[in-house]
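K.L.:
My questions will all concern the structure given below.
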Amino acid sequence: MHDVIIIGAGPAGLAAAFWCDELGLDTLVLEQNEHVGGQLLSIYGPVNDYPGVPANNGREFLERFSESVNKADFDLWTNVEIESVDLKAKRVALRSGEELHSISLIIATGVRRRQLGIPGEAEFLGRGIIESATRDRNEFAGMDVCVIGGGEAAAENALLLAEVCPTVTLVHRSKTLKARPDFVQQLQGQHCITIFPESAVTRILGSDKVEAVEILRKDALQPFQMAVRGVVIRIGVEPNNELFREQLTLDDAGYAIVTSQHEASVANVFAIGDVSSPLAPTISGASGAGATAAKVIAARLNKRT
Ligand SMILES: Cc1cc2nc3c(=O)[nH]c(=O)nc-3n(C[C@H](O)[C@H](O)[C@H](O)COP(=O)(O)OP(=O)(O)OC[C@H]3O[C@@H](n4cnc5c(N)ncnc54)[C@H](O)[C@@H]3O)c2cc1C
């Protein structure tokens with residue numbers, strides 16, 4: 001029986017584990033991936049907004065974050081496949097058949113990129129689907145590309161690609177872009193960027209690599225094809241809530257609803273970081289939530305606070 005089981009070892013889960021150890025709690029962290037860090041592993045640009053820890057990218061940030069976390073004494077299991085969780089009973093069943101028990105549970109499963117679910121999306125992963133313009137734009141220099149999405153991340157990727165690509169086609173569903181005004185202004189000022197509002201990419205085409213996208217404009221009867229060599233998909237994120245969505249109160253978008261102490265709708269179950277923060281998904285928010293949840297749990301268990 002552990003005091004706390006933490007599911008997810010991104011910044012939220014790691015910060016919570018660090019604090020749980022500080023407060024003398026017997027803690028086990030379960031991470032599905034081989035490596036800890038969560039989304040930090042896909043940040044290829046600078047992290048400037050975690051006060052006191054500037055870093056050139058997410059991995060560098062993680063290294064510095066881990067300097068503290070690694071000093072803490074908690075159990076960390078990676079490559080773990082969780083079969084199911086009973087939140088009321090605080091029981092975690094692993095695919096290996098093992099059952100784990102705790103007094104409190106912390107859910108720190110974060111978010112993942114939303115997928116389009118169109119033909120070609122999975123097929124051309126790593127073969128023309130661009131993971132990150134910050135990291136990969138030189139590989140696509142001189143090529144025509146398409147960016148799908150109308151928010152901040154799509155705009156940022158389009159602007160980065162416009163530095164090296166002859167044409168960038170930005171396709172999004174709404175009438176107006178949702179990105180912040182200075183990004184929109186920059187997009188409109190770039191003559192190599194063409195924006196298709198109220199439109200959708202319906203297929204990604206090619207033989208070995210991406211060669212074209214099929215675009216359907218609102219009110220058009222037929223889609224048309226546009227030759228491109230690279231595609232960036234940035235249509236938002238969704239919470240990793242499969243393990244608990246039948247057991248917790250969620251908002252309309254599937255994020256866990258929590259109290260100011262980060263407790264979810266089942267007693268002694270806490271949801272921290274991006275999985276419960278649709279409005280402010282940040283590293284600092286995730287770590288702060290980890291500290292709060294750990295302190296509340298320790299206080300309830302009458303441990304040192
Ligand atoms: C490109 C990019 C740039 C960003 N830049 C910044 C920035 O500059 N500043 C900033 O503050 N924030 C930035 N962010 C956001 C920041 O990375 C997130 O807010 C933060 O990582 C959230 O931490 P988290 O621990 O809640 O979730 P995550 O980082 O998503 O970690 C969740 C972890 O849970 C694990 N997990 C999920 N499901 C399970 C399961 N069933 N079983 C076990 N483990 C599971 C995942 O594998 C993952 O390791 C950026 C994000 C991206 C993608």
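Chain labels follow the order of the structure tokens: the first chain is A, the next B, and so on; residue numbering restarts at 1 in every chain, and ligands are counted from 1 in their shown order.
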Compile a residue-level contact table for segment 78-184 of chain A against segment 284-303 of chain A at a cut-off of 12 Å, reporting for every qualifying residue the shortest atom pair and its distance in Å to one decimal, with only C-alpha atoms counted, rows ordered by chain and ascending number, as JSON lines.
P.N.:
{"residue": "A:Ser102", "atom": "CA", "partner": "A:Ile297", "partner_atom": "CA", "distance": 11.7}
{"residue": "A:Ile103", "atom": "CA", "partner": "A:Leu301", "partner_atom": "CA", "distance": 9.0}
{"residue": "A:Ser104", "atom": "CA", "partner": "A:Ile297", "partner_atom": "CA", "distance": 7.1}
{"residue": "A:Leu105", "atom": "CA", "partner": "A:Ile297", "partner_atom": "CA", "distance": 9.3}
{"residue": "A:Ile106", "atom": "CA", "partner": "A:Ala293", "partner_atom": "CA", "distance": 7.7}
{"residue": "A:Ile107", "atom": "CA", "partner": "A:Gly290", "partner_atom": "CA", "distance": 9.9}
{"residue": "A:Ala108", "atom": "CA", "partner": "A:Ala286", "partner_atom": "CA", "distance": 8.6}
{"residue": "A:Thr109", "atom": "CA", "partner": "A:Ala286", "partner_atom": "CA", "distance": 10.9}
{"residue": "A:Gly110", "atom": "CA", "partner": "A:Ala286", "partner_atom": "CA", "distance": 9.2}
{"residue": "A:Val111", "atom": "CA", "partner": "A:Ala286", "partner_atom": "CA", "distance": 11.9}
K.L.:
Those same residues - C-alpha atoms - I'd like them written as a PDB file, in the first residue's frame.
P.N.:
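Resulting contents of part_24.pdb:
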ATOM      1  CA  SER A 102      -2.658   3.539  -2.535  1.00  0.00           C
ATOM      2  CA  ILE A 103      -4.366   5.936  -0.154  1.00  0.00           C
ATOM      3  CA  SER A 104      -4.354   8.810  -2.669  1.00  0.00           C
ATOM      4  CA  LEU A 105      -4.064   9.005  -6.430  1.00  0.00           C
ATOM      5  CA  ILE A 106      -2.646  11.815  -8.525  1.00  0.00           C
ATOM      6  CA  ILE A 107      -3.593  11.894 -12.190  1.00  0.00           C
ATOM      7  CA  ALA A 108      -1.012  13.766 -14.270  1.00  0.00           C
ATOM      8  CA  THR A 109      -1.617  12.297 -17.704  1.00  0.00           C
ATOM      9  CA  GLY A 110      -1.432  15.567 -19.658  1.00  0.00           C
ATOM     10  CA  VAL A 111      -2.721  16.084 -23.176  1.00  0.00           C
TER      11      VAL A 111
END
K.L.:
Could you list the protein, DNA and RNA residues that have any atom within 6 Å of ligand 1, counting only C-alpha atoms and all ligand atoms, and write them as a count of residues only?
P.N.:
34
K.L.:
Taking into account only C-alpha atoms, which residue in the set A:Gln186, A:Ser68, A:Thr194, A:Thr78 is nearest to Thr169 of chain A?
P.N.:
A:Thr194
K.L.:
Would you mind writing down, as a ChimeraX atom specification, each residue of segment 34-165 of chain A that DSSP on the backbone assigns to strand (DSSP E or B)?
P.N.:
/A:47,55,75-77,82-86,91-94,99-107,111-113,125,129,145-148
K.L.:
Using only C-alpha atoms, find the one residue out of A:Ile118, A:Phe124, A:Cys20, A:Val168 that sits nearest to Ala200 of chain A.
P.N.:
A:Ile118
K.L.:
Using only C-alpha atoms, which protein or nucleic acid residues come within 12 Å of segment 83-85 of chain A? Drop anything in the same chain fewer than 3 positions from it, and give the result as a PyMOL selection string.
P.N.:
chain A and resi 5-7+32+80+88-102+105-107+241-248+269
K.L.:
Among segment 28-276 of chain A, which residues carry a DSSP assignment of alpha helix (DSSP H), reported as an mmCIF file with all heavy atoms, in the first residue's frame?
P.N.:
data_model
loop_
_atom_site.group_PDB
_atom_site.id
_atom_site.type_symbol
_atom_site.label_atom_id
_atom_site.label_comp_id
_atom_site.auth_asym_id
_atom_site.auth_seq_id
_atom_site.Cartn_x
_atom_site.Cartn_y
_atom_site.Cartn_z
ATOM 1 N N GLY A 58 13.044 22.025 -24.653
ATOM 2 C CA GLY A 58 12.403 21.248 -23.589
ATOM 3 C C GLY A 58 13.328 20.228 -22.938
ATOM 4 O O GLY A 58 13.264 19.990 -21.732
ATOM 5 N N ARG A 59 14.194 19.610 -23.748
ATOM 6 C CA ARG A 59 15.096 18.597 -23.180
ATOM 7 C C ARG A 59 16.093 19.235 -22.229
ATOM 8 O O ARG A 59 16.425 18.675 -21.177
ATOM 9 C CB ARG A 59 15.825 17.846 -24.299
ATOM 10 C CG ARG A 59 14.933 16.802 -24.898
ATOM 11 C CD ARG A 59 15.503 16.186 -26.151
ATOM 12 N NE ARG A 59 14.431 15.496 -26.851
ATOM 13 C CZ ARG A 59 14.145 14.207 -26.728
ATOM 14 N NH1 ARG A 59 14.866 13.446 -25.954
ATOM 15 N NH2 ARG A 59 13.140 13.683 -27.385
ATOM 16 N N GLU A 60 16.601 20.416 -22.619
ATOM 17 C CA GLU A 60 17.540 21.116 -21.729
ATOM 18 C C GLU A 60 16.807 21.497 -20.431
ATOM 19 O O GLU A 60 17.341 21.358 -19.335
ATOM 20 C CB GLU A 60 18.058 22.364 -22.432
ATOM 21 C CG GLU A 60 19.194 23.038 -21.684
ATOM 22 C CD GLU A 60 19.694 24.271 -22.432
ATOM 23 O OE1 GLU A 60 20.057 24.162 -23.622
ATOM 24 O OE2 GLU A 60 19.715 25.350 -21.808
ATOM 25 N N PHE A 61 15.568 21.968 -20.582
ATOM 26 C CA PHE A 61 14.777 22.308 -19.388
ATOM 27 C C PHE A 61 14.611 21.070 -18.506
ATOM 28 O O PHE A 61 14.794 21.118 -17.296
ATOM 29 C CB PHE A 61 13.405 22.854 -19.799
ATOM 30 C CG PHE A 61 12.562 23.220 -18.611
ATOM 31 C CD1 PHE A 61 12.637 24.479 -18.052
ATOM 32 C CD2 PHE A 61 11.732 22.278 -18.025
ATOM 33 C CE1 PHE A 61 11.891 24.809 -16.918
ATOM 34 C CE2 PHE A 61 10.980 22.592 -16.895
ATOM 35 C CZ PHE A 61 11.065 23.852 -16.345
ATOM 36 N N LEU A 62 14.290 19.937 -19.137
ATOM 37 C CA LEU A 62 14.062 18.695 -18.389
ATOM 38 C C LEU A 62 15.313 18.282 -17.618
ATOM 39 O O LEU A 62 15.234 17.832 -16.477
ATOM 40 C CB LEU A 62 13.632 17.576 -19.353
ATOM 41 C CG LEU A 62 13.384 16.199 -18.741
ATOM 42 C CD1 LEU A 62 12.274 16.247 -17.694
ATOM 43 C CD2 LEU A 62 13.039 15.178 -19.823
ATOM 44 N N GLU A 63 16.466 18.457 -18.261
ATOM 45 C CA GLU A 63 17.733 18.108 -17.585
ATOM 46 C C GLU A 63 17.878 18.888 -16.292
ATOM 47 O O GLU A 63 18.228 18.350 -15.252
ATOM 48 C CB GLU A 63 18.910 18.477 -18.488
ATOM 49 C CG GLU A 63 19.647 17.285 -19.039
ATOM 50 C CD GLU A 63 20.681 17.718 -20.047
ATOM 51 O OE1 GLU A 63 21.548 18.535 -19.699
ATOM 52 O OE2 GLU A 63 20.577 17.255 -21.203
ATOM 53 N N ARG A 64 17.571 20.181 -16.369
ATOM 54 C CA ARG A 64 17.744 21.034 -15.187
ATOM 55 C C ARG A 64 16.670 20.753 -14.145
ATOM 56 O O ARG A 64 16.916 20.737 -12.951
ATOM 57 C CB ARG A 64 17.752 22.501 -15.623
ATOM 58 C CG ARG A 64 18.868 22.737 -16.648
ATOM 59 C CD ARG A 64 18.943 24.124 -17.127
ATOM 60 N NE ARG A 64 19.319 25.028 -16.062
ATOM 61 C CZ ARG A 64 19.386 26.340 -16.210
ATOM 62 N NH1 ARG A 64 19.095 26.880 -17.371
ATOM 63 N NH2 ARG A 64 19.735 27.101 -15.222
ATOM 64 N N PHE A 65 15.467 20.517 -14.603
ATOM 65 C CA PHE A 65 14.343 20.160 -13.739
ATOM 66 C C PHE A 65 14.684 18.842 -13.015
ATOM 67 O O PHE A 65 14.471 18.683 -11.820
ATOM 68 C CB PHE A 65 13.131 19.962 -14.656
ATOM 69 C CG PHE A 65 11.784 19.978 -13.998
ATOM 70 C CD1 PHE A 65 11.176 21.174 -13.644
ATOM 71 C CD2 PHE A 65 11.080 18.797 -13.791
ATOM 72 C CE1 PHE A 65 9.901 21.195 -13.091
ATOM 73 C CE2 PHE A 65 9.816 18.807 -13.236
ATOM 74 C CZ PHE A 65 9.226 20.003 -12.886
ATOM 75 N N SER A 66 15.273 17.910 -13.777
ATOM 76 C CA SER A 66 15.563 16.581 -13.230
ATOM 77 C C SER A 66 16.692 16.616 -12.203
ATOM 78 O O SER A 66 16.803 15.713 -11.378
ATOM 79 C CB SER A 66 15.930 15.610 -14.350
ATOM 80 O OG SER A 66 14.860 15.507 -15.234
ATOM 81 N N GLU A 67 17.562 17.633 -12.286
ATOM 82 C CA GLU A 67 18.635 17.733 -11.281
ATOM 83 C C GLU A 67 18.025 17.716 -9.884
ATOM 84 O O GLU A 67 18.559 17.104 -8.970
ATOM 85 C CB GLU A 67 19.444 19.017 -11.476
ATOM 86 C CG GLU A 67 20.491 18.902 -12.567
ATOM 87 C CD GLU A 67 21.108 20.246 -12.892
ATOM 88 O OE1 GLU A 67 21.119 21.145 -12.026
ATOM 89 O OE2 GLU A 67 21.572 20.387 -14.049
ATOM 90 N N SER A 68 16.905 18.434 -9.709
ATOM 91 C CA SER A 68 16.237 18.435 -8.409
ATOM 92 C C SER A 68 15.451 17.151 -8.204
ATOM 93 O O SER A 68 15.555 16.498 -7.170
ATOM 94 C CB SER A 68 15.251 19.602 -8.301
ATOM 95 O OG SER A 68 15.902 20.800 -8.550
ATOM 96 N N VAL A 69 14.671 16.808 -9.219
ATOM 97 C CA VAL A 69 13.755 15.669 -9.066
ATOM 98 C C VAL A 69 14.523 14.375 -8.779
ATOM 99 O O VAL A 69 14.113 13.560 -7.950
ATOM 100 C CB VAL A 69 12.886 15.527 -10.340
ATOM 101 C CG1 VAL A 69 12.076 14.248 -10.306
ATOM 102 C CG2 VAL A 69 11.968 16.732 -10.478
ATOM 103 N N ALA A 133 7.987 22.509 -36.906
ATOM 104 C CA ALA A 133 8.662 23.413 -37.853
ATOM 105 C C ALA A 133 9.957 23.941 -37.239
ATOM 106 O O ALA A 133 10.944 24.157 -37.940
ATOM 107 C CB ALA A 133 7.734 24.559 -38.228
ATOM 108 N N THR A 134 9.976 24.134 -35.930
ATOM 109 C CA THR A 134 11.198 24.625 -35.274
ATOM 110 C C THR A 134 12.342 23.653 -35.543
ATOM 111 O O THR A 134 13.450 24.050 -35.873
ATOM 112 C CB THR A 134 10.982 24.716 -33.741
ATOM 113 O OG1 THR A 134 9.758 25.373 -33.506
ATOM 114 C CG2 THR A 134 12.117 25.432 -33.049
ATOM 115 N N ARG A 135 12.057 22.365 -35.409
ATOM 116 C CA ARG A 135 13.112 21.368 -35.565
ATOM 117 C C ARG A 135 13.383 21.023 -37.030
ATOM 118 O O ARG A 135 14.529 20.869 -37.434
ATOM 119 C CB ARG A 135 12.699 20.086 -34.817
ATOM 120 C CG ARG A 135 13.792 19.042 -34.763
ATOM 121 C CD ARG A 135 13.290 17.731 -34.211
ATOM 122 N NE ARG A 135 12.292 17.116 -35.083
ATOM 123 C CZ ARG A 135 11.685 15.963 -34.822
ATOM 124 N NH1 ARG A 135 11.948 15.319 -33.711
ATOM 125 N NH2 ARG A 135 10.796 15.465 -35.656
ATOM 126 N N ASP A 136 12.304 20.925 -37.834
ATOM 127 C CA ASP A 136 12.452 20.292 -39.153
ATOM 128 C C ASP A 136 12.440 21.254 -40.332
ATOM 129 O O ASP A 136 12.476 20.816 -41.475
ATOM 130 C CB ASP A 136 11.305 19.278 -39.371
ATOM 131 C CG ASP A 136 11.287 18.210 -38.282
ATOM 132 O OD1 ASP A 136 12.365 17.893 -37.766
ATOM 133 O OD2 ASP A 136 10.192 17.732 -37.949
ATOM 134 N N GLU A 152 -2.851 29.340 -32.374
ATOM 135 C CA GLU A 152 -1.492 29.836 -32.113
ATOM 136 C C GLU A 152 -0.401 28.934 -32.714
ATOM 137 O O GLU A 152 0.505 29.397 -33.389
ATOM 138 C CB GLU A 152 -1.298 29.852 -30.596
ATOM 139 C CG GLU A 152 -0.508 31.011 -30.122
ATOM 140 C CD GLU A 152 -1.446 32.094 -29.631
ATOM 141 O OE1 GLU A 152 -2.341 32.528 -30.396
ATOM 142 O OE2 GLU A 152 -1.269 32.511 -28.497
ATOM 143 N N ALA A 153 -0.524 27.633 -32.450
ATOM 144 C CA ALA A 153 0.530 26.707 -32.861
ATOM 145 C C ALA A 153 0.599 26.629 -34.386
ATOM 146 O O ALA A 153 1.695 26.597 -34.961
ATOM 147 C CB ALA A 153 0.261 25.324 -32.270
ATOM 148 N N ALA A 154 -0.565 26.629 -35.048
ATOM 149 C CA ALA A 154 -0.578 26.573 -36.514
ATOM 150 C C ALA A 154 0.065 27.834 -37.076
ATOM 151 O O ALA A 154 0.905 27.775 -37.985
ATOM 152 C CB ALA A 154 -2.016 26.436 -37.012
ATOM 153 N N ALA A 155 -0.301 28.988 -36.524
ATOM 154 C CA ALA A 155 0.241 30.259 -37.013
ATOM 155 C C ALA A 155 1.765 30.300 -36.828
ATOM 156 O O ALA A 155 2.501 30.687 -37.741
ATOM 157 C CB ALA A 155 -0.406 31.414 -36.254
ATOM 158 N N GLU A 156 2.213 29.856 -35.668
ATOM 159 C CA GLU A 156 3.652 29.881 -35.378
ATOM 160 C C GLU A 156 4.411 28.992 -36.369
ATOM 161 O O GLU A 156 5.450 29.380 -36.914
ATOM 162 C CB GLU A 156 3.861 29.383 -33.953
ATOM 163 C CG GLU A 156 5.223 29.715 -33.409
ATOM 164 C CD GLU A 156 5.388 29.232 -31.963
ATOM 165 O OE1 GLU A 156 4.481 28.565 -31.431
ATOM 166 O OE2 GLU A 156 6.444 29.538 -31.392
ATOM 167 N N ASN A 157 3.859 27.806 -36.626
ATOM 168 C CA ASN A 157 4.512 26.886 -37.572
ATOM 169 C C ASN A 157 4.510 27.461 -38.986
ATOM 170 O O ASN A 157 5.501 27.352 -39.708
ATOM 171 C CB ASN A 157 3.813 25.527 -37.544
ATOM 172 C CG ASN A 157 4.312 24.657 -36.407
ATOM 173 O OD1 ASN A 157 5.263 23.900 -36.576
ATOM 174 N ND2 ASN A 157 3.712 24.776 -35.246
ATOM 175 N N ALA A 158 3.411 28.105 -39.387
ATOM 176 C CA ALA A 158 3.334 28.697 -40.731
ATOM 177 C C ALA A 158 4.388 29.802 -40.875
ATOM 178 O O ALA A 158 5.073 29.904 -41.901
ATOM 179 C CB ALA A 158 1.934 29.251 -40.971
ATOM 180 N N LEU A 159 4.529 30.610 -39.836
ATOM 181 C CA LEU A 159 5.489 31.719 -39.910
ATOM 182 C C LEU A 159 6.928 31.197 -39.992
ATOM 183 O O LEU A 159 7.757 31.718 -40.739
ATOM 184 C CB LEU A 159 5.325 32.639 -38.694
ATOM 185 C CG LEU A 159 4.050 33.492 -38.721
ATOM 186 C CD1 LEU A 159 3.800 34.144 -37.363
ATOM 187 C CD2 LEU A 159 4.126 34.550 -39.825
ATOM 188 N N LEU A 160 7.212 30.146 -39.230
ATOM 189 C CA LEU A 160 8.564 29.572 -39.269
ATOM 190 C C LEU A 160 8.866 28.986 -40.644
ATOM 191 O O LEU A 160 9.945 29.185 -41.200
ATOM 192 C CB LEU A 160 8.697 28.476 -38.210
ATOM 193 C CG LEU A 160 8.847 28.959 -36.769
ATOM 194 C CD1 LEU A 160 8.627 27.815 -35.792
ATOM 195 C CD2 LEU A 160 10.228 29.585 -36.568
ATOM 196 N N LEU A 161 7.874 28.290 -41.218
ATOM 197 C CA LEU A 161 8.092 27.671 -42.526
ATOM 198 C C LEU A 161 8.200 28.730 -43.625
ATOM 199 O O LEU A 161 8.929 28.555 -44.607
ATOM 200 C CB LEU A 161 6.955 26.688 -42.833
ATOM 201 C CG LEU A 161 7.017 25.406 -41.992
ATOM 202 C CD1 LEU A 161 5.708 24.630 -42.050
ATOM 203 C CD2 LEU A 161 8.177 24.510 -42.457
ATOM 204 N N ALA A 162 7.486 29.850 -43.438
ATOM 205 C CA ALA A 162 7.535 30.930 -44.445
ATOM 206 C C ALA A 162 8.950 31.506 -44.576
ATOM 207 O O ALA A 162 9.280 32.119 -45.590
ATOM 208 C CB ALA A 162 6.542 32.021 -44.068
ATOM 209 N N PRO A 181 -3.539 38.296 -32.144
ATOM 210 C CA PRO A 181 -3.549 39.303 -33.212
ATOM 211 C C PRO A 181 -2.185 39.566 -33.850
ATOM 212 O O PRO A 181 -2.113 39.743 -35.075
ATOM 213 C CB PRO A 181 -4.059 40.559 -32.494
ATOM 214 C CG PRO A 181 -4.817 40.054 -31.320
ATOM 215 C CD PRO A 181 -4.206 38.758 -30.928
ATOM 216 N N ASP A 182 -1.102 39.570 -33.071
ATOM 217 C CA ASP A 182 0.189 39.874 -33.713
ATOM 218 C C ASP A 182 0.612 38.757 -34.670
ATOM 219 O O ASP A 182 1.216 39.017 -35.715
ATOM 220 C CB ASP A 182 1.285 40.172 -32.672
ATOM 221 C CG ASP A 182 1.533 39.010 -31.727
ATOM 222 O OD1 ASP A 182 0.548 38.462 -31.197
ATOM 223 O OD2 ASP A 182 2.702 38.655 -31.525
ATOM 224 N N PHE A 183 0.255 37.513 -34.352
ATOM 225 C CA PHE A 183 0.534 36.403 -35.276
ATOM 226 C C PHE A 183 -0.293 36.567 -36.552
ATOM 227 O O PHE A 183 0.207 36.376 -37.654
ATOM 228 C CB PHE A 183 0.181 35.064 -34.630
ATOM 229 C CG PHE A 183 1.286 34.455 -33.797
ATOM 230 C CD1 PHE A 183 1.074 33.279 -33.087
ATOM 231 C CD2 PHE A 183 2.547 35.040 -33.726
ATOM 232 C CE1 PHE A 183 2.077 32.701 -32.322
ATOM 233 C CE2 PHE A 183 3.556 34.476 -32.966
ATOM 234 C CZ PHE A 183 3.317 33.307 -32.260
ATOM 235 N N VAL A 184 -1.565 36.922 -36.386
ATOM 236 C CA VAL A 184 -2.455 37.070 -37.547
ATOM 237 C C VAL A 184 -1.907 38.169 -38.474
ATOM 238 O O VAL A 184 -1.836 38.013 -39.690
ATOM 239 C CB VAL A 184 -3.901 37.392 -37.103
ATOM 240 C CG1 VAL A 184 -4.796 37.660 -38.305
ATOM 241 C CG2 VAL A 184 -4.458 36.243 -36.280
ATOM 242 N N GLN A 185 -1.478 39.267 -37.841
ATOM 243 C CA GLN A 185 -0.913 40.369 -38.625
ATOM 244 C C GLN A 185 0.323 39.917 -39.408
ATOM 245 O O GLN A 185 0.469 40.214 -40.593
ATOM 246 C CB GLN A 185 -0.511 41.485 -37.675
ATOM 247 C CG GLN A 185 -1.011 42.822 -38.114
ATOM 248 C CD GLN A 185 -0.668 43.870 -37.066
ATOM 249 O OE1 GLN A 185 -0.071 43.574 -36.023
ATOM 250 N NE2 GLN A 185 -1.031 45.094 -37.340
ATOM 251 N N GLN A 186 1.181 39.172 -38.727
ATOM 252 C CA GLN A 186 2.400 38.687 -39.399
ATOM 253 C C GLN A 186 2.052 37.752 -40.551
ATOM 254 O O GLN A 186 2.650 37.818 -41.617
ATOM 255 C CB GLN A 186 3.280 37.940 -38.408
ATOM 256 C CG GLN A 186 4.026 38.834 -37.436
ATOM 257 C CD GLN A 186 4.885 37.977 -36.514
ATOM 258 O OE1 GLN A 186 5.768 37.254 -36.945
ATOM 259 N NE2 GLN A 186 4.603 38.044 -35.222
ATOM 260 N N LEU A 187 1.049 36.884 -40.333
ATOM 261 C CA LEU A 187 0.641 35.941 -41.387
ATOM 262 C C LEU A 187 0.152 36.704 -42.608
ATOM 263 O O LEU A 187 0.504 36.387 -43.746
ATOM 264 C CB LEU A 187 -0.497 35.041 -40.884
ATOM 265 C CG LEU A 187 -0.155 33.957 -39.869
ATOM 266 C CD1 LEU A 187 -1.428 33.326 -39.328
ATOM 267 C CD2 LEU A 187 0.708 32.876 -40.507
ATOM 268 N N GLN A 188 -0.669 37.737 -42.336
ATOM 269 C CA GLN A 188 -1.262 38.492 -43.457
ATOM 270 C C GLN A 188 -0.209 39.321 -44.194
ATOM 271 O O GLN A 188 -0.368 39.644 -45.358
ATOM 272 C CB GLN A 188 -2.403 39.367 -42.939
ATOM 273 C CG GLN A 188 -3.622 38.508 -42.618
ATOM 274 C CD GLN A 188 -4.642 39.190 -41.731
ATOM 275 O OE1 GLN A 188 -4.344 40.221 -41.126
ATOM 276 N NE2 GLN A 188 -5.828 38.607 -41.619
#
K.L.:
Determine, using only C-alpha atoms, which residues of segment 110-194 of chain A have any atom at most 12 Å from an atom of segment 210-233 of chain A, and tabulate each with its shortest atom pair and distance in Å to one decimal place, rows ordered by chain and then rising number, as a Markdown table.
P.N.:
| residue | atom | partner | partner_atom | distance |
| --- | --- | --- | --- | --- |
| A:Arg113 | CA | A:Ile233 | CA | 8.9 |
| A:Arg114 | CA | A:Ile233 | CA | 8.8 |
| A:Gln115 | CA | A:Ile233 | CA | 7.8 |
| A:Leu116 | CA | A:Ile233 | CA | 8.0 |
| A:Gly117 | CA | A:Ile233 | CA | 11.1 |
| A:Ile118 | CA | A:Glu214 | CA | 10.5 |
| A:Pro119 | CA | A:Glu214 | CA | 10.3 |
| A:Gly120 | CA | A:Val210 | CA | 8.4 |
| A:Glu121 | CA | A:Ile233 | CA | 9.0 |
| A:Ala122 | CA | A:Val210 | CA | 11.5 |
| A:Glu123 | CA | A:Val210 | CA | 9.4 |
| A:Phe124 | CA | A:Val210 | CA | 6.5 |
| A:Leu125 | CA | A:Val210 | CA | 9.3 |
| A:Gly126 | CA | A:Val210 | CA | 9.8 |
| A:Arg127 | CA | A:Val210 | CA | 6.5 |
| A:Gly128 | CA | A:Gly230 | CA | 4.6 |
| A:Ile129 | CA | A:Val231 | CA | 4.8 |
| A:Ile130 | CA | A:Val232 | CA | 5.1 |
| A:Glu131 | CA | A:Val232 | CA | 6.9 |
| A:Ser132 | CA | A:Val232 | CA | 7.6 |
| A:Ala133 | CA | A:Val232 | CA | 7.8 |
| A:Thr134 | CA | A:Val232 | CA | 11.4 |
| A:Asp136 | CA | A:Gly230 | CA | 10.2 |
| A:Arg137 | CA | A:Gly230 | CA | 9.7 |
| A:Asn138 | CA | A:Gly230 | CA | 11.7 |
| A:Glu139 | CA | A:Gly230 | CA | 9.7 |
| A:Phe140 | CA | A:Gly230 | CA | 6.9 |
| A:Ala141 | CA | A:Gly230 | CA | 10.1 |
| A:Gly142 | CA | A:Arg229 | CA | 9.9 |
| A:Met143 | CA | A:Arg229 | CA | 6.2 |
| A:Asp144 | CA | A:Val228 | CA | 4.9 |
| A:Val145 | CA | A:Gly230 | CA | 4.6 |
| A:Cys146 | CA | A:Val231 | CA | 4.8 |
| A:Val147 | CA | A:Val232 | CA | 4.7 |
| A:Ile148 | CA | A:Ile233 | CA | 4.9 |
| A:Gly149 | CA | A:Ile233 | CA | 6.6 |
| A:Gly150 | CA | A:Ile233 | CA | 10.2 |
| A:Gly151 | CA | A:Ile233 | CA | 11.0 |
| A:Ala153 | CA | A:Ile233 | CA | 9.3 |
| A:Ala154 | CA | A:Ile233 | CA | 7.4 |
| A:Ala155 | CA | A:Val232 | CA | 10.6 |
| A:Glu156 | CA | A:Val232 | CA | 10.9 |
| A:Asn157 | CA | A:Val232 | CA | 7.5 |
| A:Ala158 | CA | A:Val232 | CA | 8.4 |
| A:Leu159 | CA | A:Val232 | CA | 11.9 |
| A:Leu160 | CA | A:Val232 | CA | 11.4 |
| A:Leu161 | CA | A:Val232 | CA | 9.8 |
| A:Cys165 | CA | A:Gly230 | CA | 10.0 |
| A:Pro166 | CA | A:Val228 | CA | 10.7 |
| A:Thr167 | CA | A:Val228 | CA | 8.9 |
| A:Val168 | CA | A:Val228 | CA | 8.9 |
| A:Thr169 | CA | A:Val228 | CA | 8.9 |
| A:Leu170 | CA | A:Val232 | CA | 9.5 |
| A:Val171 | CA | A:Ile215 | CA | 8.1 |
| A:His172 | CA | A:Arg217 | CA | 9.7 |
| A:Arg173 | CA | A:Lys218 | CA | 8.7 |
| A:Ser174 | CA | A:Lys218 | CA | 10.0 |
| A:Lys175 | CA | A:Lys218 | CA | 10.1 |
K.L.:
Go ahead and compute the interatomic distance for atom CA of Leu87 of chain A and atom CA of Asn268 of chain A, in Å to one decimal.
P.N.:
8.8 Å
K.L.:
Using only C-alpha atoms, pick whichever of A:Phe270, A:Phe196, A:Phe74, A:Tyr44 has the shortest atom-to-atom distance to Gly24 of chain A.
P.N.:
A:Phe74
